[in-house]
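Colleague: This one is work-v6.txt, compact mmCIF, C-alpha atoms.
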# COMPACT_ATOMS: atom_id res chain seq x y z
CA MET U 1 -11.00 -0.56 10.23
CA GLU U 2 -13.62 1.31 12.23
CA ARG U 3 -13.67 4.14 9.71
CA LEU U 4 -14.09 1.83 6.73
CA LYS U 5 -16.69 -0.62 7.93
CA LYS U 6 -19.59 1.77 7.30
CA TYR U 7 -19.01 1.35 3.57
CA PHE U 8 -19.19 -2.46 3.63
CA THR U 9 -21.84 -5.11 3.97
CA PRO U 10 -21.60 -7.25 7.15
CA GLU U 11 -20.15 -10.11 5.10
CA ILE U 12 -17.39 -7.95 3.59
CA GLU U 13 -16.71 -6.36 6.97
CA ARG U 14 -16.21 -9.82 8.49
CA VAL U 15 -13.58 -10.99 5.97
CA VAL U 16 -11.80 -7.63 5.95
CA SER U 17 -11.61 -7.59 9.75
CA ALA U 18 -10.12 -11.08 9.81
CA SER U 19 -7.20 -10.02 7.59
CA TRP U 20 -6.86 -6.41 8.71
CA LYS U 21 -3.33 -6.55 10.14
CA GLU U 22 -1.83 -7.76 6.85
CA LEU U 23 -4.26 -6.06 4.47
CA THR U 24 -2.95 -3.60 1.85
CA GLU U 25 -5.77 -3.41 -0.73
CA ILE U 26 -9.40 -4.47 -1.20
CA LYS U 27 -10.28 -5.15 -4.86
CA MET U 28 -13.89 -4.99 -6.04
CA ARG U 29 -14.50 -5.78 -9.73
CA ILE U 30 -17.89 -6.15 -11.40
CA HIS U 31 -18.99 -9.81 -11.74
CA GLN U 32 -15.83 -11.03 -9.99
CA PRO U 33 -15.13 -12.28 -6.46
CA LEU U 34 -13.85 -9.97 -3.74
CA ILE U 35 -10.03 -10.08 -3.55
CA LEU U 36 -7.97 -9.02 -0.55
CA GLU U 37 -4.35 -8.09 -1.22
CA LEU U 38 -2.09 -8.85 1.73
CA GLN U 39 1.55 -8.00 2.40
CA LYS U 40 2.41 -11.53 1.30
CA GLY U 41 -0.12 -12.84 -1.19
CA GLU U 42 -3.86 -12.51 -1.66
CA ILE U 43 -7.14 -13.98 -0.50
CA ILE U 44 -9.92 -14.63 -3.00
CA GLU U 45 -13.43 -14.77 -1.56
CA PRO U 46 -15.54 -16.74 -4.10
CA GLY U 47 -18.54 -16.51 -1.80
CA ILE U 48 -18.65 -12.73 -2.16
CA GLN U 49 -19.44 -11.80 -5.75
CA ILE U 50 -19.34 -8.12 -6.67
CA ASP U 51 -22.47 -7.09 -8.57
CA GLU U 52 -23.74 -3.77 -9.86
CA ALA U 53 -26.09 -3.18 -6.94
CA LEU U 54 -23.31 -3.70 -4.38
CA LEU U 55 -20.94 -1.34 -6.21
CA LYS U 56 -23.64 1.31 -6.46
CA GLU U 57 -24.42 1.03 -2.75
CA ILE U 58 -20.77 1.37 -1.75
CA LEU U 59 -20.17 4.27 -4.15
CA ASN U 60 -23.23 6.08 -2.79
CA LYS U 61 -21.88 5.74 0.74
CA LEU U 62 -18.42 6.94 -0.33
CA THR U 63 -19.91 10.08 -1.92
CA ASN U 64 -22.65 10.71 0.66
CA TYR U 65 -25.23 9.94 -2.04
CA SER U 66 -24.11 12.93 -4.12
CA LEU U 67 -21.80 11.77 -6.89
CA TYR U 68 -21.86 15.20 -8.55
CA ALA U 69 -20.36 16.79 -5.43
CA TYR U 70 -17.22 14.74 -6.04
CA GLU U 71 -16.57 15.73 -9.65
CA LYS U 72 -13.00 16.85 -8.95
CA GLU U 73 -12.16 13.58 -7.20
CA LEU U 74 -13.72 11.58 -10.02
CA LEU U 75 -11.59 13.51 -12.47
CA GLU U 76 -8.50 12.42 -10.52
CA GLY U 77 -9.75 8.84 -10.31
CA TYR U 78 -9.81 8.37 -6.56
CA LEU U 79 -11.55 9.35 -3.32
CA THR U 80 -9.87 9.91 0.04
CA VAL U 81 -11.92 8.83 3.05
CA ALA U 82 -11.54 9.24 6.82
CA GLY U 83 -8.42 7.51 8.10
CA GLY U 84 -6.43 8.50 5.01
CA HIS U 85 -7.55 5.44 3.06
CA ARG U 86 -7.90 5.95 -0.69
CA VAL U 87 -10.41 4.40 -3.05
CA GLY U 88 -9.30 4.10 -6.66
CA LEU U 89 -12.04 4.21 -9.30
CA ALA U 90 -12.26 2.78 -12.81
CA GLY U 91 -15.03 2.59 -15.35
CA GLU U 92 -16.08 4.42 -18.49
CA ALA U 93 -14.17 7.61 -19.27
CA ILE U 94 -16.04 10.79 -20.24
CA VAL U 95 -14.21 12.48 -23.12
CA LYS U 96 -15.15 15.82 -24.71
CA ASP U 97 -13.22 17.34 -27.60
CA GLY U 98 -10.53 14.77 -27.08
CA LYS U 99 -10.06 15.72 -23.41
CA TYR U 100 -10.70 13.48 -20.42
CA CYS U 101 -13.45 15.10 -18.35
CA GLY U 102 -14.37 12.51 -15.75
CA MET U 103 -15.84 9.07 -15.27
CA LYS U 104 -19.21 7.32 -15.37
CA ASN U 105 -20.44 3.75 -14.99
CA ILE U 106 -17.88 3.07 -12.27
CA ARG U 107 -17.50 -0.69 -12.06
CA PHE U 108 -14.17 -1.17 -10.30
CA LEU U 109 -13.10 -0.05 -6.80
CA ASN U 110 -9.73 -0.44 -5.13
CA PHE U 111 -9.51 0.40 -1.42
CA ARG U 112 -5.87 1.16 -0.61
CA ILE U 113 -5.26 0.82 3.12
CA CYS U 114 -3.32 3.63 4.76
CA ARG U 115 -0.90 2.61 7.52
CA ASP U 116 0.67 5.09 9.95
CA LEU U 117 4.01 3.35 10.47
CA GLN U 118 5.80 6.20 12.19
CA HIS U 119 9.00 4.41 13.16
CA CYS U 120 9.78 2.45 10.00
CA GLY U 121 12.20 5.12 8.76
CA ARG U 122 14.14 5.60 11.99
CA SER U 123 17.32 3.92 10.77
CA VAL U 124 17.27 5.88 7.49
CA PHE U 125 16.67 9.16 9.34
CA GLU U 126 19.76 8.58 11.49
CA LYS U 127 21.81 8.10 8.32
CA ILE U 128 20.63 11.24 6.50
CA LYS U 129 20.82 13.67 9.43
CA LYS U 130 23.37 16.39 8.82
CA ARG U 131 24.16 19.31 11.17
CA GLY U 132 20.62 20.04 12.27
CA THR U 133 19.00 19.21 8.96
CA VAL U 134 19.05 16.34 6.44
CA CYS U 135 20.80 15.49 3.18
CA ASN U 136 18.90 15.99 -0.05
CA THR U 137 17.50 12.47 -0.31
CA VAL U 138 15.62 10.54 -2.97
CA ILE U 139 13.90 7.22 -2.30
CA CYS U 140 13.67 4.88 -5.28
CA SER U 141 12.02 1.53 -5.94
CA PRO U 142 9.45 -0.12 -8.20
CA PRO U 143 5.79 0.51 -7.26
CA GLY U 144 4.32 -1.09 -4.17
CA LEU U 145 7.41 -1.52 -1.97
CA GLY U 146 6.76 1.29 0.50
CA LYS U 147 8.37 4.48 -0.82
CA THR U 148 5.54 6.70 0.41
CA THR U 149 5.41 4.95 3.79
CA LEU U 150 9.13 5.55 4.29
CA LEU U 151 8.78 9.18 3.17
CA ARG U 152 6.02 9.77 5.74
CA SER U 153 8.20 8.38 8.50
CA LEU U 154 11.15 10.56 7.51
CA VAL U 155 8.91 13.64 7.48
CA GLN U 156 7.64 12.84 10.97
CA CYS U 157 11.17 12.29 12.29
CA CYS U 158 12.44 15.56 10.78
CA SER U 159 9.43 17.51 12.01
CA ASP U 160 9.50 16.30 15.60
CA GLU U 161 13.25 15.95 16.16
CA LEU U 162 15.03 18.70 14.22
CA CYS U 163 14.61 21.81 16.37
CA GLY U 164 13.51 24.88 14.44
CA THR U 165 12.81 22.92 11.27
CA SER U 166 9.75 23.71 9.18
CA VAL U 167 8.66 20.92 6.82
CA VAL U 168 6.20 21.38 3.96
CA VAL U 169 4.64 18.33 2.35
CA ILE U 170 3.50 18.83 -1.24
CA ASP U 171 0.71 16.27 -1.37
CA GLU U 172 -0.75 16.40 -4.87
CA ARG U 173 -2.94 13.32 -4.49
CA ASN U 174 -3.25 13.11 -0.66
CA GLU U 175 -1.05 10.02 -0.65
CA ILE U 176 1.43 11.25 1.97
CA SER U 177 -0.86 12.89 4.53
CA GLY U 178 -4.10 11.09 3.70
CA SER U 179 -5.84 14.44 4.21
CA PHE U 180 -9.60 14.26 4.61
CA GLN U 181 -11.49 17.57 4.46
CA GLY U 182 -8.13 19.34 4.74
CA ILE U 183 -7.02 17.53 7.91
CA PRO U 184 -4.06 15.09 7.69
CA GLN U 185 -5.13 11.66 8.88
CA ILE U 186 -1.52 10.62 9.44
CA ASN U 187 0.81 12.14 12.02
CA LEU U 188 3.48 14.01 10.04
CA GLY U 189 4.93 15.82 13.05
CA MET U 190 4.39 19.10 14.90
CA ARG U 191 6.44 21.26 12.52
CA THR U 192 4.83 20.06 9.28
CA ASP U 193 2.54 21.99 6.94
CA VAL U 194 0.62 20.20 4.18
CA LEU U 195 -0.24 21.66 0.80
CA SER U 196 -2.63 19.19 -0.82
CA GLY U 197 -4.51 19.00 -4.10
CA VAL U 198 -1.97 21.07 -6.04
CA ASP U 199 0.47 19.94 -8.71
CA LYS U 200 3.96 19.29 -7.41
CA ALA U 201 5.74 22.03 -9.37
CA GLY U 202 3.23 24.72 -8.43
CA GLY U 203 3.09 23.52 -4.85
CA ILE U 204 6.86 23.71 -4.43
CA LEU U 205 6.97 27.29 -5.72
CA ARG U 206 4.08 28.36 -3.47
CA ALA U 207 5.59 26.67 -0.42
CA VAL U 208 9.00 28.30 -0.77
CA ARG U 209 7.47 31.73 -1.30
CA SER U 210 4.85 31.60 1.45
CA MET U 211 5.71 29.02 4.13
CA GLY U 212 9.46 29.38 4.64
CA PRO U 213 10.28 25.66 4.72
CA LYS U 214 13.69 24.26 5.53
CA ILE U 215 12.64 20.88 4.13
CA ILE U 216 10.15 20.03 1.37
CA ALA U 217 8.83 16.49 0.93
CA VAL U 218 7.31 15.38 -2.37
CA ASP U 219 6.17 12.00 -3.67
CA GLU U 220 6.71 10.49 -7.13
CA LEU U 221 8.76 13.00 -9.07
CA GLY U 222 7.76 12.92 -12.70
CA GLY U 223 7.96 15.46 -15.50
CA GLU U 224 10.42 18.20 -16.29
CA GLU U 225 8.32 20.82 -14.47
CA ASP U 226 8.71 18.85 -11.22
CA LEU U 227 12.47 18.63 -11.69
CA GLN U 228 12.80 22.33 -12.49
CA ALA U 229 10.88 23.23 -9.32
CA ILE U 230 13.09 20.94 -7.25
CA ARG U 231 16.22 22.57 -8.68
CA TRP U 232 14.84 26.02 -7.88
CA ALA U 233 13.98 25.00 -4.30
CA MET U 234 17.47 23.59 -3.76
CA GLN U 235 19.00 26.80 -5.09
CA SER U 236 16.85 28.63 -2.54
CA GLY U 237 18.48 26.63 0.25
CA VAL U 238 15.64 24.17 0.86
CA ARG U 239 16.43 20.51 1.53
CA ILE U 240 14.45 17.94 -0.43
CA LEU U 241 13.02 14.55 0.50
CA ALA U 242 11.53 12.88 -2.58
CA THR U 243 10.52 9.56 -4.08
CA ILE U 244 10.72 8.32 -7.65
CA HIS U 245 9.72 5.13 -9.48
CA SER U 246 12.86 3.31 -10.63
CA ASP U 247 14.63 -0.05 -10.35
CA CYS U 248 18.11 1.19 -9.46
CA ILE U 249 20.29 4.23 -8.79
CA GLN U 250 21.42 4.45 -12.40
CA GLN U 251 17.83 4.65 -13.66
CA THR U 252 17.02 7.21 -10.96
CA LYS U 253 19.92 9.44 -12.00
CA SER U 254 18.88 9.16 -15.63
CA LYS U 255 15.36 10.32 -14.77
CA LEU U 256 16.67 13.19 -12.66
CA GLY U 257 19.22 14.36 -15.20
CA GLN U 258 22.89 14.97 -14.49
CA VAL U 259 22.60 18.41 -12.90
CA LEU U 260 19.85 17.51 -10.44
CA ALA U 261 21.26 14.05 -9.73
CA GLU U 262 24.45 15.68 -8.48
CA GLN U 263 22.44 17.71 -5.95
CA PHE U 264 21.09 14.64 -4.15
CA GLN U 265 23.58 13.43 -1.56
CA CYS U 266 21.74 10.26 -0.55
CA TYR U 267 19.90 7.60 -2.56
CA VAL U 268 17.70 5.18 -0.62
CA VAL U 269 16.99 2.02 -2.59
CA ILE U 270 14.15 -0.28 -1.51
CA SER U 271 14.75 -3.79 -2.85
CA GLU U 272 11.78 -5.36 -1.08
CA ARG U 273 9.21 -4.14 1.43
CA GLY U 274 10.94 -3.07 4.65
CA LYS U 275 14.52 -3.41 3.32
CA TYR U 276 16.40 -0.17 2.66
CA GLU U 277 19.96 0.52 1.52
CA CYS U 278 21.46 4.02 1.60
CA TYR U 279 24.08 5.13 -0.94
CA TYR U 280 25.91 8.45 -0.74
CA ASP U 281 27.31 10.64 -3.51
For this file, produce the structure as structure tokens.

Modeller:
Amino acid sequence: MERLKKYFTPEIERVVSASWKELTEIKMRIHQPLILELQKGEIIEPGIQIDEALLKEILNKLTNYSLYAYEKELLEGYLTVAGGHRVGLAGEAIVKDGKYCGMKNIRFLNFRICRDLQHCGRSVFEKIKKRGTVCNTVICSPPGLGKTTLLRSLVQCCSDELCGTSVVVIDERNEISGSFQGIPQINLGMRTDVLSGVDKAGGILRAVRSMGPKIIAVDELGGEEDLQAIRWAMQSGVRILATIHSDCIQQTKSKLGQVLAEQFQCYVVISERGKYECYYD
């Protein structure tokens, strides 16, 4: 909370502080009340209306009064701030020759609170350990149930407890490490290297060639290029910890494709926040 309060008015700071332990997101929408998303429900603050002046003030503070210096971040649609917290941005898209080039007239902010829950994956880690390393493991669930949080915890466990293990985190959008100015804001362990701001496929290839990892961790597998890179890394002898959006194992395997699905030995299914089930192939 200390690292966020400088962006807020005293009134917003007061309500955020009161709900901090359960807070997951802070929603600011033009001409609407402030909304706090909690682990179980939400709080609407009708007394705090979000107007254009307030949004402009907060955005100026987030970008150190130099919006143009953050063009890359605006292109991605988010800012990462100290503490690993992320601020999602929405507004009017800038399109040139049919290509998205950035954003202007930002009127919607979403502060996503980063939690360093190092021990939440302990029970899963014990189940995927295998002769000094881990099984190739994919974590699957719908959005918002804690896939990334569990992945972070597994990385930290592998890094600190598997002697001689080198872990590389491919952190395309700074969601795993919460890196700020290149420094991870979340403890990912003493044997972990972070490659941030690079696409997953390219990052995996670079990591295997240059960092010598025994384990690679990657969040939100998506297109065919990601899957091809994962297959190549596995063929190179690297173990994989990954997450994917899906409702069940069957949907996960369909997204992975038959060949890659057969390479994952463990599927971790999150049915609700904090509840994990491990299935082995």

Colleague: Which residues come within 9 Å of region 11-16 of chain U, counting only C-alpha atoms, excluding same-chain residues fewer than 4 positions away, as a list in words?

Modeller: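 Within the cut-off, the hits are Met1, Leu4, Lys5, Lys6, Tyr7, Trp20, Leu23, Ile26, Leu34, Leu36, Glu45 and Ile48 of chain U.
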
Colleague: So how far away is CA of Ala82 (chain U) from CA of Cys158 (chain U), in Å?

Modeller: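 Going from CA of Cys158 (chain U) over to CA of Ala82 (chain U) covers 25.1 Å.
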
Colleague: Work out how far apart CA of Gly84 (chain U) and CA of Leu188 (chain U) are and give it in Å to one decimal.

Modeller: 12.4 Å

Colleague: Produce a table with one row for each residue of region 39-131 of chain U that has an atom at most 12 Å from any atom of region 146-153 of chain U, each row naming the nearest atom pair and its distance in Å at one decimal; use only C-alpha atoms; arrange rows by chain and rising residue number; format as CSV.

Modeller:
residue,atom,partner,partner_atom,distance
U:Gln39,CA,U:Gly146,CA,10.8
U:Ile113,CA,U:Thr149,CA,11.5
U:Cys114,CA,U:Thr149,CA,8.9
U:Arg115,CA,U:Thr149,CA,7.7
U:Asp116,CA,U:Thr149,CA,7.8
U:Leu117,CA,U:Ser153,CA,6.8
U:Gln118,CA,U:Ser153,CA,4.9
U:His119,CA,U:Ser153,CA,6.2
U:Cys120,CA,U:Ser153,CA,6.3
U:Gly121,CA,U:Ser153,CA,5.2
U:Arg122,CA,U:Ser153,CA,7.4
U:Ser123,CA,U:Ser153,CA,10.4
U:Val124,CA,U:Leu150,CA,8.8
U:Phe125,CA,U:Ser153,CA,8.5
U:Glu126,CA,U:Ser153,CA,11.9

Colleague: Using all atoms listed in the file, pick whichever of U:Glu220, U:Val167, U:Val238, U:Lys27 has the shortest atom-to-atom distance to Ile43 (chain U).

Modeller: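 Using all atoms listed in the file, the shortest distance to Ile43 (chain U) belongs to U:Lys27.
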
Colleague: Which residue out of U:Ile183, U:Ile240, U:Ile35, U:Ala93 has the minimum interatomic distance to Thr133 (chain U) when all atoms listed in the file are used?

Modeller: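 Ranking U:Ile183, U:Ile240, U:Ile35, U:Ala93 by distance to Thr133 (chain U), first place goes to U:Ile240.
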
Colleague: Any chance you could build region 50-61 of chain U out to all heavy atoms and write it as a JSON list (two decimals), in the coordinates of the input?

Modeller:
[["chain", "number", "residue", "atom", "x", "y", "z"],
["U", 50, "ILE", "N", -19.08, -9.56, -6.56],
["U", 50, "ILE", "CA", -19.34, -8.12, -6.67],
["U", 50, "ILE", "C", -20.31, -7.88, -7.83],
["U", 50, "ILE", "O", -19.99, -8.15, -8.98],
["U", 50, "ILE", "CB", -18.04, -7.35, -6.91],
["U", 50, "ILE", "CG1", -16.99, -7.71, -5.85],
["U", 50, "ILE", "CG2", -18.31, -5.85, -6.94],
["U", 50, "ILE", "CD1", -17.43, -7.44, -4.42],
["U", 51, "ASP", "N", -21.50, -7.38, -7.51],
["U", 51, "ASP", "CA", -22.47, -7.09, -8.57],
["U", 51, "ASP", "C", -22.72, -5.59, -8.65],
["U", 51, "ASP", "O", -22.21, -4.81, -7.85],
["U", 51, "ASP", "CB", -23.77, -7.86, -8.36],
["U", 51, "ASP", "CG", -24.44, -7.55, -7.03],
["U", 51, "ASP", "OD1", -24.19, -6.46, -6.47],
["U", 51, "ASP", "OD2", -25.20, -8.39, -6.54],
["U", 52, "GLU", "N", -23.51, -5.19, -9.61],
["U", 52, "GLU", "CA", -23.74, -3.77, -9.86],
["U", 52, "GLU", "C", -24.43, -3.09, -8.68],
["U", 52, "GLU", "O", -24.09, -1.96, -8.32],
["U", 52, "GLU", "CB", -24.58, -3.60, -11.13],
["U", 52, "GLU", "CG", -24.72, -2.16, -11.58],
["U", 52, "GLU", "CD", -25.40, -2.04, -12.94],
["U", 52, "GLU", "OE1", -25.52, -3.06, -13.63],
["U", 52, "GLU", "OE2", -25.78, -0.91, -13.29],
["U", 53, "ALA", "N", -25.36, -3.77, -8.07],
["U", 53, "ALA", "CA", -26.09, -3.18, -6.94],
["U", 53, "ALA", "C", -25.16, -2.92, -5.76],
["U", 53, "ALA", "O", -25.25, -1.87, -5.10],
["U", 53, "ALA", "CB", -27.23, -4.11, -6.51],
["U", 54, "LEU", "N", -24.24, -3.86, -5.49],
["U", 54, "LEU", "CA", -23.31, -3.70, -4.38],
["U", 54, "LEU", "C", -22.35, -2.52, -4.65],
["U", 54, "LEU", "O", -22.11, -1.69, -3.77],
["U", 54, "LEU", "CB", -22.51, -4.98, -4.18],
["U", 54, "LEU", "CG", -21.43, -4.94, -3.09],
["U", 54, "LEU", "CD1", -22.03, -4.58, -1.74],
["U", 54, "LEU", "CD2", -20.70, -6.27, -3.03],
["U", 55, "LEU", "N", -21.83, -2.45, -5.87],
["U", 55, "LEU", "CA", -20.94, -1.34, -6.21],
["U", 55, "LEU", "C", -21.65, 0.01, -6.08],
["U", 55, "LEU", "O", -21.07, 0.97, -5.57],
["U", 55, "LEU", "CB", -20.40, -1.51, -7.63],
["U", 55, "LEU", "CG", -19.31, -2.56, -7.84],
["U", 55, "LEU", "CD1", -19.03, -2.74, -9.32],
["U", 55, "LEU", "CD2", -18.03, -2.16, -7.10],
["U", 56, "LYS", "N", -22.88, 0.06, -6.53],
["U", 56, "LYS", "CA", -23.64, 1.31, -6.46],
["U", 56, "LYS", "C", -23.87, 1.71, -5.01],
["U", 56, "LYS", "O", -23.73, 2.90, -4.65],
["U", 56, "LYS", "CB", -24.98, 1.15, -7.17],
["U", 56, "LYS", "CG", -25.81, 2.43, -7.21],
["U", 56, "LYS", "CD", -27.09, 2.24, -8.01],
["U", 56, "LYS", "CE", -27.90, 3.54, -8.05],
["U", 56, "LYS", "NZ", -29.15, 3.38, -8.84],
["U", 57, "GLU", "N", -24.18, 0.74, -4.16],
["U", 57, "GLU", "CA", -24.42, 1.03, -2.75],
["U", 57, "GLU", "C", -23.16, 1.58, -2.09],
["U", 57, "GLU", "O", -23.20, 2.57, -1.34],
["U", 57, "GLU", "CB", -24.87, -0.25, -2.04],
["U", 57, "GLU", "CG", -25.08, -0.06, -0.54],
["U", 57, "GLU", "CD", -25.38, -1.37, 0.18],
["U", 57, "GLU", "OE1", -25.51, -2.40, -0.51],
["U", 57, "GLU", "OE2", -25.46, -1.35, 1.42],
["U", 58, "ILE", "N", -22.02, 0.94, -2.36],
["U", 58, "ILE", "CA", -20.77, 1.37, -1.75],
["U", 58, "ILE", "C", -20.37, 2.75, -2.27],
["U", 58, "ILE", "O", -19.95, 3.63, -1.50],
["U", 58, "ILE", "CB", -19.65, 0.34, -2.03],
["U", 58, "ILE", "CG1", -19.96, -0.96, -1.27],
["U", 58, "ILE", "CG2", -18.28, 0.89, -1.60],
["U", 58, "ILE", "CD1", -19.02, -2.10, -1.59],
["U", 59, "LEU", "N", -20.52, 2.99, -3.57],
["U", 59, "LEU", "CA", -20.17, 4.27, -4.15],
["U", 59, "LEU", "C", -21.06, 5.38, -3.59],
["U", 59, "LEU", "O", -20.59, 6.50, -3.33],
["U", 59, "LEU", "CB", -20.28, 4.20, -5.67],
["U", 59, "LEU", "CG", -19.70, 5.38, -6.45],
["U", 59, "LEU", "CD1", -18.21, 5.54, -6.16],
["U", 59, "LEU", "CD2", -19.91, 5.18, -7.95],
["U", 60, "ASN", "N", -22.33, 5.10, -3.39],
["U", 60, "ASN", "CA", -23.23, 6.08, -2.79],
["U", 60, "ASN", "C", -22.78, 6.46, -1.38],
["U", 60, "ASN", "O", -22.79, 7.64, -0.99],
["U", 60, "ASN", "CB", -24.66, 5.55, -2.74],
["U", 60, "ASN", "CG", -25.38, 5.68, -4.08],
["U", 60, "ASN", "OD1", -25.04, 6.54, -4.89],
["U", 60, "ASN", "ND2", -26.36, 4.82, -4.31],
["U", 61, "LYS", "N", -22.36, 5.46, -0.62],
["U", 61, "LYS", "CA", -21.88, 5.74, 0.74],
["U", 61, "LYS", "C", -20.59, 6.54, 0.72],
["U", 61, "LYS", "O", -20.39, 7.45, 1.54],
["U", 61, "LYS", "CB", -21.68, 4.43, 1.49],
["U", 61, "LYS", "CG", -22.97, 3.70, 1.82],
["U", 61, "LYS", "CD", -22.70, 2.39, 2.54],
["U", 61, "LYS", "CE", -23.98, 1.66, 2.88],
["U", 61, "LYS", "NZ", -23.73, 0.35, 3.56]]
